[in-house]
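**Q** Pasting work.pdb here (PDB, C-alpha atoms):
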```
ATOM      1  CA  MET Y   1      84.878  98.357 150.898
ATOM      2  CA  VAL Y   2      87.121  98.043 147.839
ATOM      3  CA  ASP Y   3      90.493  99.779 148.194
ATOM      4  CA  ALA Y   4      90.857 101.613 144.851
ATOM      5  CA  THR Y   5      94.489 102.537 145.554
ATOM      6  CA  LYS Y   6      95.518  98.886 145.046
ATOM      7  CA  PHE Y   7      94.477  98.962 141.378
ATOM      8  CA  LYS Y   8      96.695 100.102 138.501
ATOM      9  CA  PRO Y   9      95.310 101.353 135.154
ATOM     10  CA  LYS Y  10      95.905  98.827 132.349
ATOM     11  CA  THR Y  11      93.436  99.691 129.583
ATOM     12  CA  VAL Y  12      92.210 103.189 128.758
ATOM     13  CA  TYR Y  13      89.680 104.138 126.067
ATOM     14  CA  VAL Y  14      88.710 107.735 125.330
ATOM     15  CA  THR Y  15      85.815 108.933 123.208
ATOM     16  CA  TYR Y  16      84.224 112.352 122.692
ATOM     17  CA  ILE Y  17      80.423 112.395 122.581
ATOM     18  CA  ALA Y  18      78.126 115.176 121.370
ATOM     19  CA  ALA Y  19      75.670 114.994 124.262
ATOM     20  CA  PRO Y  20      75.222 116.618 127.689
ATOM     21  CA  ALA Y  21      77.192 114.987 130.525
ATOM     22  CA  GLU Y  22      73.900 114.095 132.263
ATOM     23  CA  LYS Y  23      72.821 112.103 129.209
ATOM     24  CA  VAL Y  24      76.145 110.222 129.029
ATOM     25  CA  TRP Y  25      75.822 109.493 132.756
ATOM     26  CA  GLN Y  26      72.319 108.126 132.204
ATOM     27  CA  ALA Y  27      73.549 105.919 129.366
ATOM     28  CA  LEU Y  28      76.247 104.457 131.622
ATOM     29  CA  THR Y  29      73.987 103.797 134.597
ATOM     30  CA  GLU Y  30      70.493 102.965 133.297
ATOM     31  CA  PRO Y  31      69.444  99.572 131.851
ATOM     32  CA  ALA Y  32      67.192 101.028 129.121
ATOM     33  CA  PHE Y  33      70.395 102.423 127.567
ATOM     34  CA  SER Y  34      72.922  99.701 128.409
ATOM     35  CA  GLU Y  35      70.730  96.974 126.891
ATOM     36  CA  GLN Y  36      71.120  98.728 123.547
ATOM     37  CA  TYR Y  37      74.892  99.125 123.417
ATOM     38  CA  PHE Y  38      76.450  96.824 126.089
ATOM     39  CA  PHE Y  39      76.045  93.412 124.425
ATOM     40  CA  GLY Y  40      72.445  93.353 125.657
ATOM     41  CA  PHE Y  41      73.370  93.544 129.357
ATOM     42  CA  ALA Y  42      71.155  95.470 131.752
ATOM     43  CA  VAL Y  43      73.132  97.581 134.202
ATOM     44  CA  ASP Y  44      71.737  97.462 137.730
ATOM     45  CA  VAL Y  45      73.333  99.929 140.110
ATOM     46  CA  GLU Y  46      72.486 101.168 143.578
ATOM     47  CA  PRO Y  47      73.208 104.880 143.235
ATOM     48  CA  LYS Y  48      75.571 105.418 146.156
ATOM     49  CA  GLN Y  49      79.106 104.675 147.238
ATOM     50  CA  GLY Y  50      79.254 101.115 148.574
ATOM     51  CA  GLY Y  51      76.090 100.241 146.638
ATOM     52  CA  ARG Y  52      75.586  97.154 144.505
ATOM     53  CA  PHE Y  53      76.667  97.018 140.857
ATOM     54  CA  ARG Y  54      75.569  94.276 138.448
ATOM     55  CA  LEU Y  55      75.317  93.486 134.755
ATOM     56  CA  LEU Y  56      72.480  91.084 133.926
ATOM     57  CA  TRP Y  57      71.731  88.962 130.879
ATOM     58  CA  PRO Y  58      68.372  89.643 129.185
ATOM     59  CA  ASP Y  59      66.955  86.578 131.000
ATOM     60  CA  GLY Y  60      68.044  87.968 134.372
ATOM     61  CA  ARG Y  61      71.105  85.775 134.931
ATOM     62  CA  LEU Y  62      74.089  87.430 136.594
ATOM     63  CA  HIS Y  63      77.063  88.330 134.363
ATOM     64  CA  VAL Y  64      79.079  90.854 136.377
ATOM     65  CA  SER Y  65      78.828  91.735 140.032
ATOM     66  CA  GLY Y  66      80.637  94.393 142.017
ATOM     67  CA  GLU Y  67      80.428  97.355 144.311
ATOM     68  CA  VAL Y  68      80.107 101.073 143.591
ATOM     69  CA  VAL Y  69      83.421 102.668 144.591
ATOM     70  CA  ASP Y  70      82.715 106.227 143.419
ATOM     71  CA  TRP Y  71      79.305 107.711 142.622
ATOM     72  CA  SER Y  72      79.728 111.399 141.739
ATOM     73  CA  PRO Y  73      77.157 112.258 139.056
ATOM     74  CA  PRO Y  74      77.689 113.360 136.356
ATOM     75  CA  ARG Y  75      81.505 113.230 136.519
ATOM     76  CA  HIS Y  76      82.909 110.050 138.083
ATOM     77  CA  PHE Y  77      81.508 106.553 138.285
ATOM     78  CA  SER Y  78      83.702 103.711 139.450
ATOM     79  CA  CYS Y  79      82.861 100.144 140.385
ATOM     80  CA  SER Y  80      84.576  96.867 141.112
ATOM     81  CA  TRP Y  81      83.893  94.245 138.499
ATOM     82  CA  LEU Y  82      83.860  90.468 138.797
ATOM     83  CA  VAL Y  83      82.743  88.483 135.759
ATOM     84  CA  GLU Y  84      80.811  85.661 137.388
ATOM     85  CA  GLY Y  85      78.838  84.598 134.359
ATOM     86  CA  MET Y  86      81.767  83.089 132.437
ATOM     87  CA  LYS Y  87      83.538  79.803 133.143
ATOM     88  CA  ASP Y  88      86.666  80.193 135.357
ATOM     89  CA  PHE Y  89      86.400  83.950 135.192
ATOM     90  CA  GLY Y  90      84.671  84.348 138.541
ATOM     91  CA  GLU Y  91      87.780  83.000 140.277
ATOM     92  CA  LEU Y  92      90.018  85.829 139.049
ATOM     93  CA  PRO Y  93      90.493  88.856 141.308
ATOM     94  CA  GLU Y  94      87.963  91.600 140.621
ATOM     95  CA  CYS Y  95      89.040  94.569 138.506
ATOM     96  CA  LEU Y  96      88.024  98.205 138.733
ATOM     97  CA  VAL Y  97      86.177 100.044 135.963
ATOM     98  CA  THR Y  98      86.129 103.832 136.102
ATOM     99  CA  TYR Y  99      84.275 106.299 133.897
ATOM    100  CA  ASP Y 100      85.356 109.941 133.973
ATOM    101  CA  LEU Y 101      83.319 112.592 132.171
ATOM    102  CA  GLU Y 102      84.738 116.027 131.316
ATOM    103  CA  GLN Y 103      83.333 118.864 129.251
ATOM    104  CA  SER Y 104      85.385 119.477 126.092
ATOM    105  CA  GLY Y 105      83.845 122.252 123.993
ATOM    106  CA  GLN Y 106      80.346 121.100 122.992
ATOM    107  CA  ALA Y 107      81.272 117.471 123.630
ATOM    108  CA  VAL Y 108      81.826 115.273 126.658
ATOM    109  CA  LYS Y 109      85.166 113.521 126.917
ATOM    110  CA  LEU Y 110      84.465 110.055 128.282
ATOM    111  CA  THR Y 111      87.466 108.142 129.649
ATOM    112  CA  MET Y 112      87.052 104.482 130.564
ATOM    113  CA  THR Y 113      89.852 103.025 132.673
ATOM    114  CA  GLU Y 114      90.132  99.314 133.457
ATOM    115  CA  SER Y 115      92.460  98.793 136.438
ATOM    116  CA  HIS Y 116      93.825  95.648 138.028
ATOM    117  CA  SER Y 117      95.329  94.788 141.408
ATOM    118  CA  TRP Y 118      97.727  92.139 140.054
ATOM    119  CA  ASP Y 119     100.115  91.641 137.148
ATOM    120  CA  VAL Y 120      97.470  90.579 134.600
ATOM    121  CA  PRO Y 121      98.799  88.657 131.582
ATOM    122  CA  ARG Y 122      98.502  90.491 128.245
ATOM    123  CA  ASP Y 123      96.208  87.798 126.862
ATOM    124  CA  ILE Y 124      93.637  88.483 129.581
ATOM    125  CA  LEU Y 125      93.741  92.234 128.890
ATOM    126  CA  LYS Y 126      92.846  91.457 125.266
ATOM    127  CA  GLY Y 127      89.287  90.729 126.392
ATOM    128  CA  GLY Y 128      88.742  94.335 127.452
ATOM    129  CA  GLU Y 129      90.800  95.733 124.578
ATOM    130  CA  GLN Y 130      88.417  94.011 122.157
ATOM    131  CA  GLY Y 131      85.248  94.766 124.045
ATOM    132  CA  TRP Y 132      85.502  98.409 125.124
ATOM    133  CA  PRO Y 133      85.786  99.924 121.611
ATOM    134  CA  LYS Y 134      82.613  98.058 120.585
ATOM    135  CA  ILE Y 135      80.716  99.022 123.722
ATOM    136  CA  LEU Y 136      81.721 102.680 123.730
ATOM    137  CA  SER Y 137      81.385 103.136 119.940
ATOM    138  CA  GLY Y 138      77.834 101.837 120.376
ATOM    139  CA  LEU Y 139      77.148 104.198 123.275
ATOM    140  CA  LYS Y 140      78.350 107.177 121.220
ATOM    141  CA  SER Y 141      76.196 106.171 118.223
ATOM    142  CA  LEU Y 142      73.153 105.650 120.456
ATOM    143  CA  LEU Y 143      73.435 109.100 122.042
ATOM    144  CA  GLU Y 144      74.288 110.968 118.833
ATOM    145  CA  THR Y 145      71.944 109.241 116.379
ATOM    146  CA  GLY Y 146      69.296 107.590 118.583
ATOM    147  CA  LYS Y 147      70.313 104.199 117.178
ATOM    148  CA  PRO Y 148      72.911 101.797 118.576
ATOM    149  CA  LEU Y 149      75.380  99.899 116.389
ATOM    150  CA  THR Y 150      74.306  96.400 115.422
ATOM    151  CA  LEU Y 151      77.586  94.621 116.005
ATOM    152  CA  ASN Y 152      77.688  90.869 116.291
ATOM    153  CA  THR Y 153      78.599  90.292 119.876
ATOM    154  CA  LYS Y 154      78.268  86.534 119.819
ATOM    155  CA  GLU Y 155      81.812  85.928 118.591
ATOM    156  CA  GLY Y 156      83.100  85.752 122.181
ATOM    157  CA  PRO Y 157      86.625  86.268 123.444
ATOM    158  CA  PRO Y 158      89.680  84.932 121.536
ATOM    159  CA  PRO Y 159      90.981  81.401 122.418
ATOM    160  CA  GLU Y 160      94.249  82.721 123.889
ATOM    161  CA  PHE Y 161      92.138  84.785 126.281
ATOM    162  CA  MET Y 162      90.247  81.763 127.599
ATOM    163  CA  ALA Y 163      93.509  79.788 127.884
ATOM    164  CA  ALA Y 164      95.163  82.612 129.851
ATOM    165  CA  VAL Y 165      92.185  82.811 132.238
ATOM    166  CA  LYS Y 166      92.347  79.044 132.828
ATOM    167  CA  LYS Y 167      96.096  79.189 133.490
ATOM    168  CA  ALA Y 168      95.763  82.128 135.900
ATOM    169  CA  VAL Y 169      92.942  80.439 137.823
ATOM    170  CA  ALA Y 170      95.095  77.285 138.161
ATOM    171  CA  GLU Y 171      98.271  79.139 139.246
ATOM    172  CA  LYS Y 172      96.738  82.067 141.163
ATOM    173  CA  PRO Y 173      99.752  84.381 140.666
ATOM    174  CA  TRP Y 174      98.030  87.174 142.642
ATOM    175  CA  LEU Y 175      98.676  85.210 145.844
ATOM    176  CA  ASN Y 176     102.475  85.446 145.422
ATOM    177  CA  ARG Y 177     103.438  88.840 146.748
TER     178      ARG Y 177
ATOM    179  CA  MET P 178     111.190  95.901 125.213
ATOM    180  CA  SER P 179     108.594  96.639 122.564
ATOM    181  CA  LYS P 180     108.546  99.944 120.674
ATOM    182  CA  PRO P 181     106.215 102.697 121.895
ATOM    183  CA  LYS P 182     102.880 102.197 120.187
ATOM    184  CA  PHE P 183      99.320 103.534 120.253
ATOM    185  CA  VAL P 184      96.327 101.539 119.023
ATOM    186  CA  TYR P 185      92.795 102.909 118.687
ATOM    187  CA  VAL P 186      89.731 101.078 117.401
ATOM    188  CA  THR P 187      86.405 102.647 116.536
ATOM    189  CA  TYR P 188      83.246 101.218 114.984
ATOM    190  CA  ILE P 189      81.338 103.443 112.569
ATOM    191  CA  ARG P 190      77.939 102.938 110.964
ATOM    192  CA  THR P 191      78.974 103.561 107.359
ATOM    193  CA  THR P 192      80.754 101.828 104.457
ATOM    194  CA  PRO P 193      84.497 101.180 103.940
ATOM    195  CA  GLU P 194      84.408 103.437 100.862
ATOM    196  CA  LYS P 195      83.087 106.356 102.901
ATOM    197  CA  VAL P 196      85.743 105.861 105.578
ATOM    198  CA  TRP P 197      88.446 105.769 102.889
ATOM    199  CA  ALA P 198      87.080 108.967 101.347
ATOM    200  CA  ALA P 199      86.992 110.650 104.757
ATOM    201  CA  LEU P 200      90.617 109.675 105.424
ATOM    202  CA  THR P 201      91.885 110.995 102.075
ATOM    203  CA  ASP P 202      89.674 113.928 100.995
ATOM    204  CA  PRO P 203      91.265 117.245 102.085
ATOM    205  CA  GLN P 204      87.929 119.086 102.526
ATOM    206  CA  THR P 205      86.502 116.296 104.708
ATOM    207  CA  ILE P 206      89.706 115.968 106.742
ATOM    208  CA  ARG P 207      89.552 119.704 107.529
ATOM    209  CA  LYS P 208      86.060 119.284 109.021
ATOM    210  CA  TYR P 209      86.942 116.604 111.582
ATOM    211  CA  TRP P 210      90.639 117.444 112.142
ATOM    212  CA  PHE P 211      90.090 120.907 113.632
ATOM    213  CA  GLY P 212      91.098 122.825 110.503
ATOM    214  CA  ILE P 213      94.151 120.712 109.713
ATOM    215  CA  THR P 214      94.210 119.086 106.296
ATOM    216  CA  ALA P 215      96.361 116.771 104.203
ATOM    217  CA  GLU P 216      98.191 117.354 100.926
ATOM    218  CA  CYS P 217      98.841 114.129  99.059
ATOM    219  CA  ASP P 218      97.937 112.142  95.935
ATOM    220  CA  TRP P 219      97.652 108.951  98.071
ATOM    221  CA  LYS P 220      99.892 106.845  95.834
ATOM    222  CA  PRO P 221     102.597 104.586  97.314
ATOM    223  CA  GLY P 222     105.903 106.455  97.410
ATOM    224  CA  SER P 223     104.278 109.903  97.242
ATOM    225  CA  PRO P 224     105.062 112.627  99.774
ATOM    226  CA  TRP P 225     102.370 113.362 102.377
ATOM    227  CA  CYS P 226     101.905 116.290 104.721
ATOM    228  CA  LEU P 227      99.453 117.792 107.189
ATOM    229  CA  LYS P 228      98.989 121.581 107.176
ATOM    230  CA  PHE P 229      97.456 123.958 109.679
ATOM    231  CA  GLU P 230      94.743 126.386 108.557
ATOM    232  CA  ASP P 231      97.323 129.203 108.359
ATOM    233  CA  GLY P 232      99.482 127.163 105.952
ATOM    234  CA  ARG P 233     102.197 126.085 108.406
ATOM    235  CA  THR P 234     103.334 122.483 108.060
ATOM    236  CA  ALA P 235     102.303 120.249 110.955
ATOM    237  CA  ASP P 236     103.657 116.847 109.888
ATOM    238  CA  THR P 237     105.398 115.327 106.870
ATOM    239  CA  GLY P 238     106.089 111.871 105.538
ATOM    240  CA  GLU P 239     105.296 109.538 102.687
ATOM    241  CA  ILE P 240     102.770 106.940 101.622
ATOM    242  CA  LEU P 241     104.113 103.431 102.189
ATOM    243  CA  GLU P 242     100.966 101.514 101.215
ATOM    244  CA  ALA P 243      97.596 102.577  99.820
ATOM    245  CA  VAL P 244      94.970  99.895  99.169
ATOM    246  CA  PRO P 245      91.540 101.537  98.891
ATOM    247  CA  PRO P 246      89.236 101.032 100.721
ATOM    248  CA  LYS P 247      91.163  98.802 103.112
ATOM    249  CA  ARG P 248      94.588  99.887 104.161
ATOM    250  CA  LEU P 249      96.706 103.023 104.302
ATOM    251  CA  VAL P 250     100.236 103.088 105.742
ATOM    252  CA  LEU P 251     102.120 106.349 106.266
ATOM    253  CA  ARG P 252     105.631 107.231 107.332
ATOM    254  CA  TRP P 253     105.089 110.241 109.581
ATOM    255  CA  ARG P 254     107.182 112.831 111.394
ATOM    256  CA  ASN P 255     106.110 115.818 113.446
ATOM    257  CA  GLU P 256     107.474 119.149 112.118
ATOM    258  CA  PHE P 257     106.171 121.830 114.478
ATOM    259  CA  LYS P 258     107.281 120.721 117.925
ATOM    260  CA  PRO P 259     111.078 120.316 118.206
ATOM    261  CA  GLU P 260     110.856 117.751 121.015
ATOM    262  CA  LEU P 261     108.528 115.585 118.912
ATOM    263  CA  LYS P 262     110.450 116.083 115.672
ATOM    264  CA  ALA P 263     113.594 114.967 117.528
ATOM    265  CA  GLU P 264     112.060 111.509 118.040
ATOM    266  CA  GLY P 265     112.078 111.006 114.262
ATOM    267  CA  TYR P 266     109.759 109.025 112.052
ATOM    268  CA  SER P 267     106.799 106.927 113.022
ATOM    269  CA  ARG P 268     104.638 104.517 111.092
ATOM    270  CA  CYS P 269     100.870 104.926 111.056
ATOM    271  CA  THR P 270      98.705 102.077 109.783
ATOM    272  CA  MET P 271      94.997 102.637 109.123
ATOM    273  CA  GLU P 272      92.932  99.497 108.543
ATOM    274  CA  ILE P 273      89.311  99.454 107.422
ATOM    275  CA  GLU P 274      87.266  96.250 107.769
ATOM    276  CA  MET P 275      83.615  95.322 107.796
ATOM    277  CA  ALA P 276      82.703  94.645 111.403
ATOM    278  CA  ASP P 277      80.713  91.594 112.372
ATOM    279  CA  TYR P 278      77.060  92.483 112.512
ATOM    280  CA  TYR P 279      73.739  90.750 112.569
ATOM    281  CA  PRO P 280      72.875  90.358 108.866
ATOM    282  CA  ASP P 281      69.143  90.565 109.565
ATOM    283  CA  SER P 282      69.433  93.715 111.661
ATOM    284  CA  GLY P 283      69.614  95.976 108.624
ATOM    285  CA  GLY P 284      72.632  97.796 109.994
ATOM    286  CA  LYS P 285      76.259  97.542 109.047
ATOM    287  CA  ALA P 286      79.360  98.853 110.712
ATOM    288  CA  VAL P 287      82.967  99.404 109.780
ATOM    289  CA  LYS P 288      85.880  98.721 112.115
ATOM    290  CA  LEU P 289      88.629 101.333 111.793
ATOM    291  CA  THR P 290      91.935 100.518 113.504
ATOM    292  CA  ILE P 291      94.735 103.060 113.813
ATOM    293  CA  THR P 292      98.146 101.747 114.891
ATOM    294  CA  HIS P 293     100.834 104.366 115.403
ATOM    295  CA  GLU P 294     104.381 103.235 116.225
ATOM    296  CA  LEU P 295     107.639 105.081 116.545
ATOM    297  CA  GLU P 296     110.503 103.749 114.408
ATOM    298  CA  GLY P 297     113.087 104.538 117.069
ATOM    299  CA  GLU P 298     113.117 105.256 120.800
ATOM    300  CA  GLY P 299     111.130 107.898 122.656
ATOM    301  CA  THR P 300     107.816 108.448 124.406
ATOM    302  CA  LYS P 301     106.731 112.045 123.681
ATOM    303  CA  PHE P 302     105.499 111.588 120.111
ATOM    304  CA  ILE P 303     103.352 108.551 120.966
ATOM    305  CA  GLU P 304     102.033 110.375 124.042
ATOM    306  CA  ALA P 305     101.012 113.288 121.805
ATOM    307  CA  VAL P 306      99.199 111.150 119.240
ATOM    308  CA  SER P 307      97.525 109.150 122.054
ATOM    309  CA  GLY P 308      95.782 112.377 123.053
ATOM    310  CA  GLY P 309      95.061 113.462 119.481
ATOM    311  CA  TRP P 310      93.655 110.360 117.797
ATOM    312  CA  PRO P 311      90.598 109.912 120.079
ATOM    313  CA  LYS P 312      89.564 113.528 119.334
ATOM    314  CA  VAL P 313      90.073 113.222 115.580
ATOM    315  CA  LEU P 314      88.438 109.800 115.276
ATOM    316  CA  SER P 315      85.483 110.700 117.529
ATOM    317  CA  ASN P 316      84.820 113.628 115.187
ATOM    318  CA  LEU P 317      85.247 111.439 112.109
ATOM    319  CA  LYS P 318      82.705 108.936 113.465
ATOM    320  CA  SER P 319      80.207 111.695 114.281
ATOM    321  CA  LEU P 320      80.660 113.300 110.863
ATOM    322  CA  LEU P 321      79.979 110.031 109.032
ATOM    323  CA  GLU P 322      77.024 109.041 111.217
ATOM    324  CA  THR P 323      75.322 112.401 111.766
ATOM    325  CA  GLY P 324      76.709 114.766 109.130
ATOM    326  CA  ASP P 325      78.289 116.931 111.817
ATOM    327  CA  VAL P 326      81.391 116.687 114.020
ATOM    328  CA  ALA P 327      81.165 116.165 117.804
ATOM    329  CA  PHE P 328      83.121 119.281 118.718
ATOM    330  CA  GLN P 329      85.441 122.069 117.579
ATOM    331  CA  ARG P 330      88.711 122.745 119.336
TER     332      ARG P 330
END
```
Starting from the coordinates I provided, produce the structure as structure tokens.
**A**
Amino acid sequence: MVDATKFKPKTVYVTYIAAPAEKVWQALTEPAFSEQYFFGFAVDVEPKQGGRFRLLWPDGRLHVSGEVVDWSPPRHFSCSWLVEGMKDFGELPECLVTYDLEQSGQAVKLTMTESHSWDVPRDILKGGEQGWPKILSGLKSLLETGKPLTLNTKEGPPPEFMAAVKKAVAEKPWLNR
Amino acid sequence: MSKPKFVYVTYIRTTPEKVWAALTDPQTIRKYWFGITAECDWKPGSPWCLKFEDGRTADTGEILEAVPPKRLVLRWRNEFKPELKAEGYSRCTMEIEMADYYPDSGGKAVKLTITHELEGEGTKFIEAVSGGWPKVLSNLKSLLETGDVAFQR
């Protein structure tokens, strides 16, 4: 079982969505939604604490694997997150991704928090900083208009990001406590 | 140590011209900014202010750069909360770009980036705008995509 207390918040993204909390929850946890806004990935989650969490490419290959740390519909969903489908990336320590949903007037306040258990270099955090606004802007559009955004998601992460991942995997700074 | 700073990015299915208009038209601002609106002629060097519905001044400053429909830079100070006003001026940069999209998908999107930095030291002002911008920009996105805001305060 993942110990969530070891992870510190590093990246937070907040968006307010005009939809019921149950609908936002569905969009976060069901593949028919995630395929439309999450770079084409199908979310595959076992709906219970300790259950399996995965993101799959359209052809079924594994991209992210993890474990459900908190399953409290429709308010809190948290899972560990290891990007196995990218070179080097699978050797980094897993991170923790948490979604919190709160009612705010007629809207739902969705807070995404990416937390890490080690002193992650800034250049590695840039991956999430670039990705989350695209993903969550697309989720909001999908729920409010019925249509996702058509962003080009093939550009990939910036070169300094890949270099920082390579360096971290070689040096393994998380082992030095 | 770097200066306190808040960055927020949102992608909106619209055009840069419509985002520019939404950022500078007082009637539109009022719709997504919970009744607050701006008074300004949006020319470099001009004074700028935000006013509450009841006419009280919320924030003041000046236009540092205005390049429609791409870039707007404001000097900005809070006027209604003494502890925020005490931290002095900040700089707010709003950048509008076409986002990458699939040309054959028929859809386009705009990337709007807000960067808000304090000129001096302090944490309260940036903390306050970190809570405010996601509300304001979520409403702005909804207004441009659906014709209605996501929520009222």
**Q** What are the residues of chain Y lining chain P at 7 Å or less? Count only C-alpha atoms, and put the answer as JSON, numbers by chain.
**A** {"Y": [14, 15, 16, 17, 18, 105, 106, 107, 133, 134, 137, 145, 149, 150, 151, 152]}
**Q** Skip P:Arg248 itself and residues of its chain fewer than 6 positions away, then list as JSON, numbers by chain all residues within 12 Å of it, counting all atoms listed in the file.
**A** {"P": [193, 194, 196, 197, 200, 201, 219, 221, 240, 241, 242, 269, 270, 271, 272, 273, 274, 288, 289, 290, 291, 292]}
**Q** What's the 12 Å shell around Y:Pro173, counting all atoms listed in the file, without same-chain residues fewer than 2 positions away, as a list in words?
**A**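 My reading of the contact set: Leu92, Pro93, Ser117, Trp118, Asp119, Val120, Pro121, Ala164, Val165, Lys167, Ala168, Val169, Ala170, Glu171, Leu175, Asn176 and Arg177 of chain Y.
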**Q** The PyMOL selection byres ((chain Y and resi 115) around 10) - which residues does that actually catch in the file I just gave you? List them as JSON, numbers by chain.
**A** {"Y": [4, 6, 7, 8, 9, 10, 11, 12, 80, 81, 94, 95, 96, 97, 98, 112, 113, 114, 116, 117, 118, 120]}
**Q** Measuring between only C-alpha atoms, which one of P:Ala198, P:Ile206, P:Leu321, P:Leu261 shows the shortest distance to P:Phe302?
**A**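 Looking at the shortest contact to P:Phe302, the residue is P:Leu261.
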**Q** Atom CA of Y:Ala21 to atom CA of Y:Pro74: how many Å, to one decimal?
**A** 6.1 Å
**Q** Run the PyMOL selection byres ((chain P and resi 220) around 12) mentally over the shown coordinates, then write out the matched residues as a PyMOL selection string, using the chain letters and numbers from the document.
**A** chain P and resi 201+216-219+221-225+239-245+249-251
**Q** Restricting the calculation to all atoms listed in the file, which member of P:Ile213, P:Glu298, P:Arg252, P:Thr205 is positioned closest to P:Ala235?
**A**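 Going through P:Ile213, P:Glu298, P:Arg252, P:Thr205 one by one, the smallest distance to P:Ala235 is for P:Ile213.
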**Q** One decimal, Å: what's the distance from atom CA of Y:Lys23 over to atom CA of Y:Leu82, could you say?
**A**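 Straight-line distance from atom CA of Y:Lys23 to atom CA of Y:Leu82 works out to 26.1 Å.
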**Q** Report the centre and edge lengths, in Å to one decimal, of an axis-aligned box enclosing every atom of stretch 82-87 of chain Y listed in the file, padded by 8 Å on each side, as AutoDock Vina command-line options.
**A**
```
--center_x 81.3 --center_y 85.1 --center_z 135.6 --size_x 21.0 --size_y 26.7 --size_z 22.4
```
**Q** Distance atom CA of Y:Leu139-atom CA of Y:Ser104, one decimal place?
**A**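 These atoms are spaced 17.6 Å apart.
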**Q** Skipping near chain neighbours, those fewer than 5 positions away, what residues fall within 7 Å of Y:Phe77 using all atoms listed in the file, listed as a PyMOL selection string?
**A** chain Y and resi 70-72+98-100
**Q** At a cut-off of 10 Å from (85.4, 83.0, 126.6) in the coordinates of the file, what residues are picked up using all atoms listed in the file, written as a ChimeraX atom specification?
**A** /Y:86-89,127,155-163,165
**Q** Selected residues, C-alpha atoms, written as a PDB file, keeping the file's coordinate frame, please.
**A**
```pdb
ATOM      1  CA  MET Y  86      81.767  83.089 132.437  1.00  0.00           C
ATOM      2  CA  LYS Y  87      83.538  79.803 133.143  1.00  0.00           C
ATOM      3  CA  ASP Y  88      86.666  80.193 135.357  1.00  0.00           C
ATOM      4  CA  PHE Y  89      86.400  83.950 135.192  1.00  0.00           C
ATOM      5  CA  GLY Y 127      89.287  90.729 126.392  1.00  0.00           C
ATOM      6  CA  GLU Y 155      81.812  85.928 118.591  1.00  0.00           C
ATOM      7  CA  GLY Y 156      83.100  85.752 122.181  1.00  0.00           C
ATOM      8  CA  PRO Y 157      86.625  86.268 123.444  1.00  0.00           C
ATOM      9  CA  PRO Y 158      89.680  84.932 121.536  1.00  0.00           C
ATOM     10  CA  PRO Y 159      90.981  81.401 122.418  1.00  0.00           C
ATOM     11  CA  GLU Y 160      94.249  82.721 123.889  1.00  0.00           C
ATOM     12  CA  PHE Y 161      92.138  84.785 126.281  1.00  0.00           C
ATOM     13  CA  MET Y 162      90.247  81.763 127.599  1.00  0.00           C
ATOM     14  CA  ALA Y 163      93.509  79.788 127.884  1.00  0.00           C
ATOM     15  CA  VAL Y 165      92.185  82.811 132.238  1.00  0.00           C
TER      16      VAL Y 165
END
```
**Q** Quick one: apply the PyMOL selection byres ((chain P and resi 260) around 12) to the file and drop the selected residues here as JSON, numbers by chain.
**A** {"P": [254, 255, 256, 257, 258, 259, 261, 262, 263, 264, 265, 299, 300, 301, 302, 303, 304, 305]}
**Q** Of the residues Y:Lys140, Y:Lys166, Y:Arg75, Y:Arg61, which is the one nearest to Y:Gln36, using only C-alpha atoms?
**A** Y:Lys140
**Q** Would you list the contacts of P:Cys226 as an MDAnalysis selection string, taking every protein, DNA or RNA residue within 6 Å and counting only C-alpha atoms, but skipping same-chain residues closer than 6 positions in sequence?
**A** chainID P and resid 215:216 236:237
**Q** Could you check which of Y:Glu46, Y:Glu67, Y:Glu22, Y:Glu30 is closest to Y:Met1, using all atoms listed in the file?
**A**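 Once distances to Y:Met1 are computed over all atoms listed in the file, the minimum belongs to Y:Glu67.
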**Q** Name all residues at most 9 Å from Y:Ile135 (count only C-alpha atoms; drop same-chain ones fewer than 5 positions away) and give them as an MDAnalysis selection string.
**A** chainID Y and resid 37:39 140
